[in-house]
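The file run-v1.txt comes next; it holds compact mmCIF, C-alpha atoms.
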```
# COMPACT_ATOMS: atom_id res chain seq x y z
CA MET A 5 96.13 50.96 22.91
CA ALA A 6 94.31 48.80 25.45
CA GLY A 7 91.59 51.43 25.87
CA ALA A 8 90.92 51.61 22.06
CA THR A 9 90.44 47.86 21.82
CA THR A 10 87.82 47.96 24.52
CA ALA A 11 85.82 50.67 22.73
CA GLN A 12 85.55 48.68 19.51
CA ARG A 13 83.92 45.67 21.25
CA GLY A 14 81.10 47.81 22.51
CA THR A 15 79.88 48.48 25.98
CA PRO A 16 76.45 48.98 27.51
CA GLY A 17 74.99 52.21 26.22
CA SER A 18 77.41 52.31 23.29
CA GLY A 19 76.38 52.50 19.63
CA GLY A 20 77.38 48.87 18.84
CA SER A 21 75.01 46.13 17.50
CA PRO A 22 72.44 44.74 19.97
CA ARG A 23 72.92 41.22 21.23
CA LYS A 24 70.79 38.30 20.06
CA GLY A 25 67.49 38.07 21.91
CA SER A 26 67.47 41.70 22.97
CA GLY A 27 63.93 42.20 21.50
CA ALA A 28 64.84 45.06 19.26
CA PRO A 29 61.87 46.66 17.44
CA GLY A 30 61.18 45.67 13.80
CA ARG A 31 62.25 42.04 14.13
CA THR A 32 59.59 39.40 15.27
CA ARG A 33 59.58 35.66 15.24
CA PRO A 34 56.99 33.78 13.04
CA PRO A 35 54.35 31.78 15.03
CA LYS A 36 54.96 28.08 15.45
CA PRO A 37 52.55 25.86 13.45
CA PRO A 38 50.01 24.00 15.63
CA GLU A 39 50.91 20.49 16.47
CA SER A 40 48.70 17.72 15.13
CA THR A 41 46.36 16.13 17.68
CA GLY A 42 45.65 13.08 15.53
CA LYS A 43 41.84 13.63 15.72
CA PRO A 44 39.60 13.43 12.59
CA GLY A 45 39.56 16.76 10.82
CA SER A 46 42.58 18.08 12.77
CA ARG A 47 45.46 19.69 11.05
CA GLY A 48 48.73 17.85 10.63
CA PRO A 49 52.16 19.20 9.77
CA GLY A 50 52.00 21.94 7.22
CA GLY A 51 48.35 22.79 8.07
CA ARG A 52 46.85 19.91 6.06
CA VAL A 53 43.56 18.38 7.33
CA ARG A 54 43.61 14.68 8.07
CA ARG A 55 40.60 13.14 6.21
CA GLY A 56 41.31 9.46 6.64
CA PRO A 57 38.95 8.61 9.56
CA ALA A 58 36.04 10.71 8.22
CA LEU A 59 36.38 9.16 4.77
CA ALA A 60 36.37 5.70 6.31
CA LEU A 61 33.10 6.47 8.07
CA LEU A 62 31.49 7.66 4.82
CA VAL A 63 32.61 4.55 3.00
CA ALA A 64 31.23 2.33 5.77
CA ALA A 65 27.89 4.14 5.68
CA ALA A 66 27.68 3.75 1.90
CA LEU A 67 28.44 0.05 2.14
CA LEU A 68 25.80 -0.38 4.84
CA ALA A 69 23.16 1.42 2.76
CA GLY A 70 24.07 -0.61 -0.29
CA GLY A 71 23.80 -3.83 1.68
CA ALA A 72 20.37 -2.88 3.03
CA ALA A 73 19.15 -2.00 -0.48
CA TRP A 74 20.38 -5.35 -1.76
CA VAL A 75 18.58 -7.21 1.03
CA LEU A 76 15.32 -5.38 0.28
CA TYR A 77 15.43 -5.42 -3.51
CA GLY A 78 18.09 -7.83 -4.76
CA SER A 79 18.04 -10.81 -2.44
CA SER A 80 15.51 -13.64 -2.32
CA TRP A 81 14.89 -13.18 1.40
CA LEU A 82 12.09 -10.57 1.26
CA ARG A 83 10.15 -11.47 -1.87
CA ILE A 84 6.41 -12.08 -2.27
CA GLU A 85 5.58 -15.76 -1.92
CA LYS A 86 1.99 -15.77 -0.62
CA VAL A 87 -1.08 -13.57 -1.23
CA THR A 88 -4.32 -13.96 0.77
CA ALA A 89 -7.79 -12.37 0.58
CA ALA A 90 -10.32 -11.96 3.41
CA GLY A 91 -13.68 -10.25 3.95
CA VAL A 92 -15.51 -11.63 0.92
CA GLU A 93 -19.17 -12.64 1.19
CA VAL A 94 -20.60 -12.91 -2.32
CA LEU A 95 -17.29 -12.99 -4.18
CA THR A 96 -14.67 -15.67 -3.70
CA PRO A 97 -11.06 -15.17 -2.54
CA GLU A 98 -9.92 -16.47 -5.93
CA GLN A 99 -11.79 -13.70 -7.73
CA VAL A 100 -10.16 -11.06 -5.54
CA LEU A 101 -6.69 -12.53 -6.00
CA ALA A 102 -7.13 -12.68 -9.77
CA ALA A 103 -8.24 -9.04 -9.86
CA ALA A 104 -5.36 -7.93 -7.63
CA ALA A 105 -2.72 -9.59 -9.83
CA VAL A 106 -0.03 -9.21 -7.17
CA PRO A 107 3.40 -9.96 -8.74
CA VAL A 108 4.53 -13.06 -6.85
CA GLY A 109 8.32 -13.18 -6.67
CA ALA A 110 8.74 -9.39 -6.71
CA PRO A 111 10.46 -7.57 -3.81
CA LEU A 112 7.95 -7.10 -1.00
CA VAL A 113 9.13 -3.58 -0.24
CA GLY A 114 8.64 -2.40 -3.81
CA VAL A 115 5.03 -3.50 -4.36
CA ASP A 116 2.66 -0.60 -5.15
CA THR A 117 -0.20 -1.12 -2.69
CA ASP A 118 -2.22 1.83 -4.03
CA GLU A 119 -2.14 0.40 -7.54
CA ILE A 120 -3.32 -2.98 -6.26
CA GLU A 121 -6.23 -1.34 -4.42
CA ASN A 122 -7.25 0.62 -7.52
CA ARG A 123 -6.99 -2.47 -9.69
CA VAL A 124 -9.25 -4.55 -7.44
CA ARG A 125 -11.92 -1.86 -7.22
CA ARG A 126 -11.79 -1.22 -10.98
CA ARG A 127 -12.12 -4.89 -11.90
CA LEU A 128 -14.63 -5.82 -9.20
CA PRO A 129 -17.29 -3.08 -8.81
CA ARG A 130 -18.84 -5.04 -5.95
CA ILE A 131 -15.80 -4.16 -3.84
CA ASP A 132 -16.37 -0.95 -1.90
CA SER A 133 -12.93 -0.78 -0.27
CA VAL A 134 -9.76 -2.87 -0.08
CA ASP A 135 -6.81 -2.62 2.28
CA VAL A 136 -3.48 -4.04 1.06
CA VAL A 137 -1.05 -4.96 3.85
CA ARG A 138 2.52 -6.24 3.67
CA ALA A 139 2.90 -9.36 5.83
CA TRP A 140 6.65 -9.58 6.35
CA PRO A 141 8.73 -11.36 5.31
CA HIS A 142 6.95 -12.98 2.33
CA GLY A 143 3.23 -12.14 2.25
CA ILE A 144 0.60 -9.71 1.00
CA GLY A 145 -2.84 -9.58 2.66
CA LEU A 146 -5.97 -8.16 1.01
CA LYS A 147 -8.85 -7.12 3.30
CA VAL A 148 -11.93 -6.25 1.26
CA THR A 149 -15.37 -4.82 2.04
CA GLU A 150 -18.17 -5.59 -0.38
CA ARG A 151 -21.01 -3.23 -1.25
CA LYS A 152 -24.40 -4.08 0.25
CA PRO A 153 -27.49 -3.80 -1.95
CA VAL A 154 -30.35 -1.78 -0.47
CA LEU A 155 -32.49 -1.71 -3.60
CA LEU A 156 -32.97 -3.76 -6.77
CA ILE A 157 -33.89 -2.48 -10.23
CA ARG A 158 -35.49 -4.88 -12.67
CA LYS A 159 -33.59 -5.33 -15.93
CA GLY A 160 -35.40 -7.86 -18.04
CA ALA A 161 -35.24 -11.14 -16.14
CA ASP A 162 -32.29 -9.91 -14.04
CA PHE A 163 -31.86 -7.47 -11.17
CA VAL A 164 -29.41 -4.58 -10.84
CA GLU A 165 -28.07 -4.16 -7.30
CA VAL A 166 -27.85 -0.61 -5.92
CA ASP A 167 -26.03 0.31 -2.71
CA ALA A 168 -26.85 3.05 -0.18
CA SER A 169 -24.74 5.54 -2.17
CA GLY A 170 -26.78 4.93 -5.31
CA VAL A 171 -23.99 2.96 -7.02
CA ARG A 172 -25.24 0.26 -9.41
CA PHE A 173 -22.54 -2.30 -8.90
CA ASP A 174 -23.77 -5.66 -10.22
CA THR A 175 -26.46 -7.49 -12.18
CA VAL A 176 -27.69 -10.80 -10.79
CA PRO A 177 -30.17 -13.34 -12.16
CA LYS A 178 -31.91 -13.83 -8.81
CA ALA A 179 -33.10 -11.21 -6.32
CA PRO A 180 -31.15 -11.42 -3.03
CA ALA A 181 -33.34 -12.16 -0.04
CA GLY A 182 -34.36 -9.19 2.08
CA VAL A 183 -33.68 -6.53 -0.59
CA PRO A 184 -36.74 -4.61 -1.92
CA VAL A 185 -37.40 -4.11 -5.62
CA LEU A 186 -37.95 -0.64 -7.06
CA GLU A 187 -41.21 0.04 -8.87
CA LEU A 188 -41.00 3.38 -10.62
CA ASN A 189 -44.28 4.75 -12.01
CA ALA A 190 -43.99 8.50 -12.17
CA GLY A 191 -44.98 9.08 -15.79
CA GLY A 192 -48.28 10.72 -14.90
CA SER A 193 -46.93 12.80 -12.02
CA PRO A 194 -47.12 16.61 -12.34
CA SER A 195 -43.57 16.75 -11.00
CA ALA A 196 -42.19 14.39 -13.66
CA ARG A 197 -40.62 17.26 -15.62
CA ARG A 198 -38.89 18.62 -12.54
CA PHE A 199 -37.73 15.33 -11.07
CA ASP A 200 -36.30 12.96 -13.64
CA GLU A 201 -35.85 9.22 -13.22
CA GLU A 202 -32.39 9.52 -11.67
CA ARG A 203 -33.66 11.94 -9.02
CA LEU A 204 -36.55 9.62 -8.18
CA LEU A 205 -34.14 6.70 -7.97
CA HIS A 206 -32.08 8.77 -5.55
CA GLU A 207 -35.15 9.26 -3.34
CA ALA A 208 -35.90 5.55 -3.42
CA VAL A 209 -32.31 4.77 -2.40
CA LEU A 210 -32.57 7.22 0.50
CA VAL A 211 -35.70 5.47 1.72
CA ALA A 212 -34.37 1.93 1.28
CA GLY A 213 -31.05 2.78 2.90
CA ALA A 214 -32.77 4.24 5.97
CA LEU A 215 -34.95 1.21 6.65
CA PRO A 216 -34.01 -0.57 9.90
CA GLY A 217 -32.76 -4.12 9.35
CA PRO A 218 -35.92 -5.95 10.48
CA VAL A 219 -38.14 -3.62 8.41
CA SER A 220 -35.95 -3.97 5.32
CA LYS A 221 -36.26 -7.75 5.44
CA GLU A 222 -40.06 -7.42 5.37
CA THR A 223 -40.10 -4.82 2.57
CA LEU A 224 -40.90 -6.34 -0.81
CA GLN A 225 -41.17 -3.23 -2.97
CA VAL A 226 -40.41 0.48 -2.91
CA LYS A 227 -43.01 2.17 -5.11
CA VAL A 228 -42.24 5.69 -6.35
CA GLY A 229 -45.10 7.65 -7.91
CA SER A 230 -43.49 11.08 -7.56
CA TYR A 231 -40.85 12.91 -5.54
CA ASP A 232 -43.04 13.04 -2.44
CA SER A 233 -45.05 9.88 -3.01
CA VAL A 234 -43.03 6.86 -1.91
CA VAL A 235 -44.95 3.81 -0.71
CA LEU A 236 -43.54 0.61 0.78
CA GLU A 237 -45.14 -2.77 0.22
CA LEU A 238 -44.45 -5.09 3.14
CA SER A 239 -45.04 -8.77 3.61
CA ARG A 240 -48.57 -10.00 4.48
CA GLY A 241 -50.14 -7.32 2.27
CA ARG A 242 -49.22 -4.37 4.51
CA THR A 243 -48.40 -0.94 3.08
CA VAL A 244 -46.56 2.14 4.35
CA THR A 245 -47.07 5.71 3.17
CA TRP A 246 -43.60 7.18 3.39
CA GLY A 247 -43.87 10.49 1.54
CA SER A 248 -40.57 11.91 0.28
CA GLY A 249 -37.06 10.78 1.11
CA GLU A 250 -36.66 13.62 3.60
CA GLN A 251 -36.36 12.72 7.30
CA SER A 252 -35.98 9.07 6.34
CA ASP A 253 -34.12 8.15 9.53
CA ALA A 254 -36.91 9.57 11.70
CA LYS A 255 -39.52 7.84 9.55
CA GLY A 256 -37.69 4.53 9.93
CA ARG A 257 -37.75 4.85 13.72
CA ALA A 258 -41.44 5.79 13.69
CA LEU A 259 -42.30 2.82 11.48
CA THR A 260 -40.43 0.43 13.76
CA ALA A 261 -42.42 1.69 16.74
CA LEU A 262 -45.73 1.36 14.86
CA LEU A 263 -45.01 -2.21 13.77
CA LYS A 264 -44.43 -3.18 17.39
CA ALA A 265 -47.42 -1.24 18.73
CA ALA A 266 -49.89 -2.42 16.06
CA PRO A 267 -48.63 -5.72 14.61
CA LYS A 268 -52.03 -6.53 13.06
CA ALA A 269 -52.51 -3.21 11.27
CA ASP A 270 -52.71 -3.15 7.47
CA HIS A 271 -51.52 0.37 6.73
CA PHE A 272 -48.98 2.68 8.33
CA ASP A 273 -48.39 6.36 7.60
CA VAL A 274 -45.05 7.92 8.57
CA SER A 275 -45.04 10.76 6.02
CA VAL A 276 -45.05 13.07 9.05
CA PRO A 277 -42.77 11.19 11.46
CA THR A 278 -43.80 13.29 14.45
CA ALA A 279 -47.43 12.29 13.93
CA PRO A 280 -47.48 8.69 12.58
CA ALA A 281 -50.73 6.82 12.08
CA VAL A 282 -52.03 3.28 11.57
CA SER A 283 -55.25 1.87 10.10
CA GLY A 284 -56.85 -1.52 9.47
CA SER A 285 -57.10 -4.43 11.82
```
How would this structure read if it were set down as structure tokens?
Amino acid sequence: MAGATTAQRGTPGSGGSPRKGSGAPGRTRPPKPPESTGKPGSRGPGGRVRRGPALALLVAAALLAGGAAWVLYGSSWLRIEKVTAAGVEVLTPEQVLAAAAVPVGAPLVGVDTDEIENRVRRRLPRIDSVDVVRAWPHGIGLKVTERKPVLLIRKGADFVEVDASGVRFDTVPKAPAGVPVLELNAGGSPSARRFDEERLLHEAVLVAGALPGPVSKETLQVKVGSYDSVVLELSRGRTVTWGSGEQSDAKGRALTALLKAAPKADHFDVSVPTAPAVSGS
């Protein structure tokens, strides 16, 4: 009987059930879930991602951006309180400020500088360019450049000012000193059909714009008889045969040299700038 009892309990190599932990095939343990590290974005118990710290950062960033926007647009700290204008010569600062119409009291960061520039140039044709600058924390500065007349066109008792680009930008009752007056008399020219008045005006502007400063101040009239017949009338009864508007820079240099070399001459010819000539005593 004792031997039968021993057989039922099982012995090594017998057909009984394997003991726990024997590693029998077909039975594996499930992997343990990773332990939470407590870092943002790490997984906690049950595999869930911890979003608390990351969400706090996003909220803080949103609050910071909202605060900055309020300072720039909503608060009274950075609003326009003062507008200045500089660079004027003929115009006054008050005229520029009125044309600019900068919205005093508006947020400085939101002002449309391009629109202000366009508005000034549209309302004041004498202005050639304008630079609008924010002067933090409360100012706007306008730096303007006025057009310079190089030629005048008679219009009744007034004079139309024309700049070196051919832009007619203002009408004044009195001729500015040192600016020649255009005399256009091309009606009998054979080239009148080919070169209309606007083209002849363009030639006159080329000539007037190329005159050196000292010569321009002594030039009283620019007479245009045809495309290639431009004559200057200087002070003290002197005249200059200029020719066409071509090579005007070279002609201006040649005329300057002739005026210095022959100050008592009555007539100067620079129609061919490489071979200038003088006459009279």
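Between atom CA of Glu250 of chain A and atom CA of Asp270 of chain A the interatomic distance comes to 23.5 Å.
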So that I can see what lies close to segment 138-148 of chain A, please list as a CSV table (one decimal) with C-alpha atoms, in the frame of the given file the residues with an atom at most 6 Å from it, counting all atoms listed in the file and leaving out residues fewer than 3 positions away in the same chain.
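Heads up, here's the output in result.csv:
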```
chain,number,residue,atom,x,y,z
A,82,LEU,CA,12.1,-10.6,1.3
A,83,ARG,CA,10.2,-11.5,-1.9
A,84,ILE,CA,6.4,-12.1,-2.3
A,85,GLU,CA,5.6,-15.8,-1.9
A,86,LYS,CA,2.0,-15.8,-0.6
A,87,VAL,CA,-1.1,-13.6,-1.2
A,88,THR,CA,-4.3,-14.0,0.8
A,89,ALA,CA,-7.8,-12.4,0.6
A,90,ALA,CA,-10.3,-12.0,3.4
A,91,GLY,CA,-13.7,-10.2,4.0
A,133,SER,CA,-12.9,-0.8,-0.3
A,134,VAL,CA,-9.8,-2.9,-0.1
A,135,ASP,CA,-6.8,-2.6,2.3
```
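Our summary of the geometry notes that atom CA of Asp167 of chain A is positioned 23.4 Å from atom CA of Val274 of chain A.
Separating atom CA of Asn189 of chain A from atom CA of Leu263 of chain A is a distance of 26.7 Å.
Closest approach to Thr223 of chain A among A:Leu101, A:Leu155, A:Val282, A:Ala254: A:Leu155, based on only C-alpha atoms.
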| query | Which residues, written as a PyMOL selection string, have at least one atom at most 12 Å from Gly160 of chain A, with all atoms listed in the file counted and residues fewer than 2 positions away on the same chain left out? | reply | chain A and resi 157-158+162-164+175-178
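Using only C-alpha atoms, the smallest distance between any of A:Arg240, A:Ala281, A:Trp246, A:Pro216 and Lys268 of chain A comes from A:Arg240.
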| Which one is closest to Lys221 of chain A: A:Leu95, A:Ala104, A:Leu238, A:Leu205? Count all atoms listed in the file. | A:Leu238
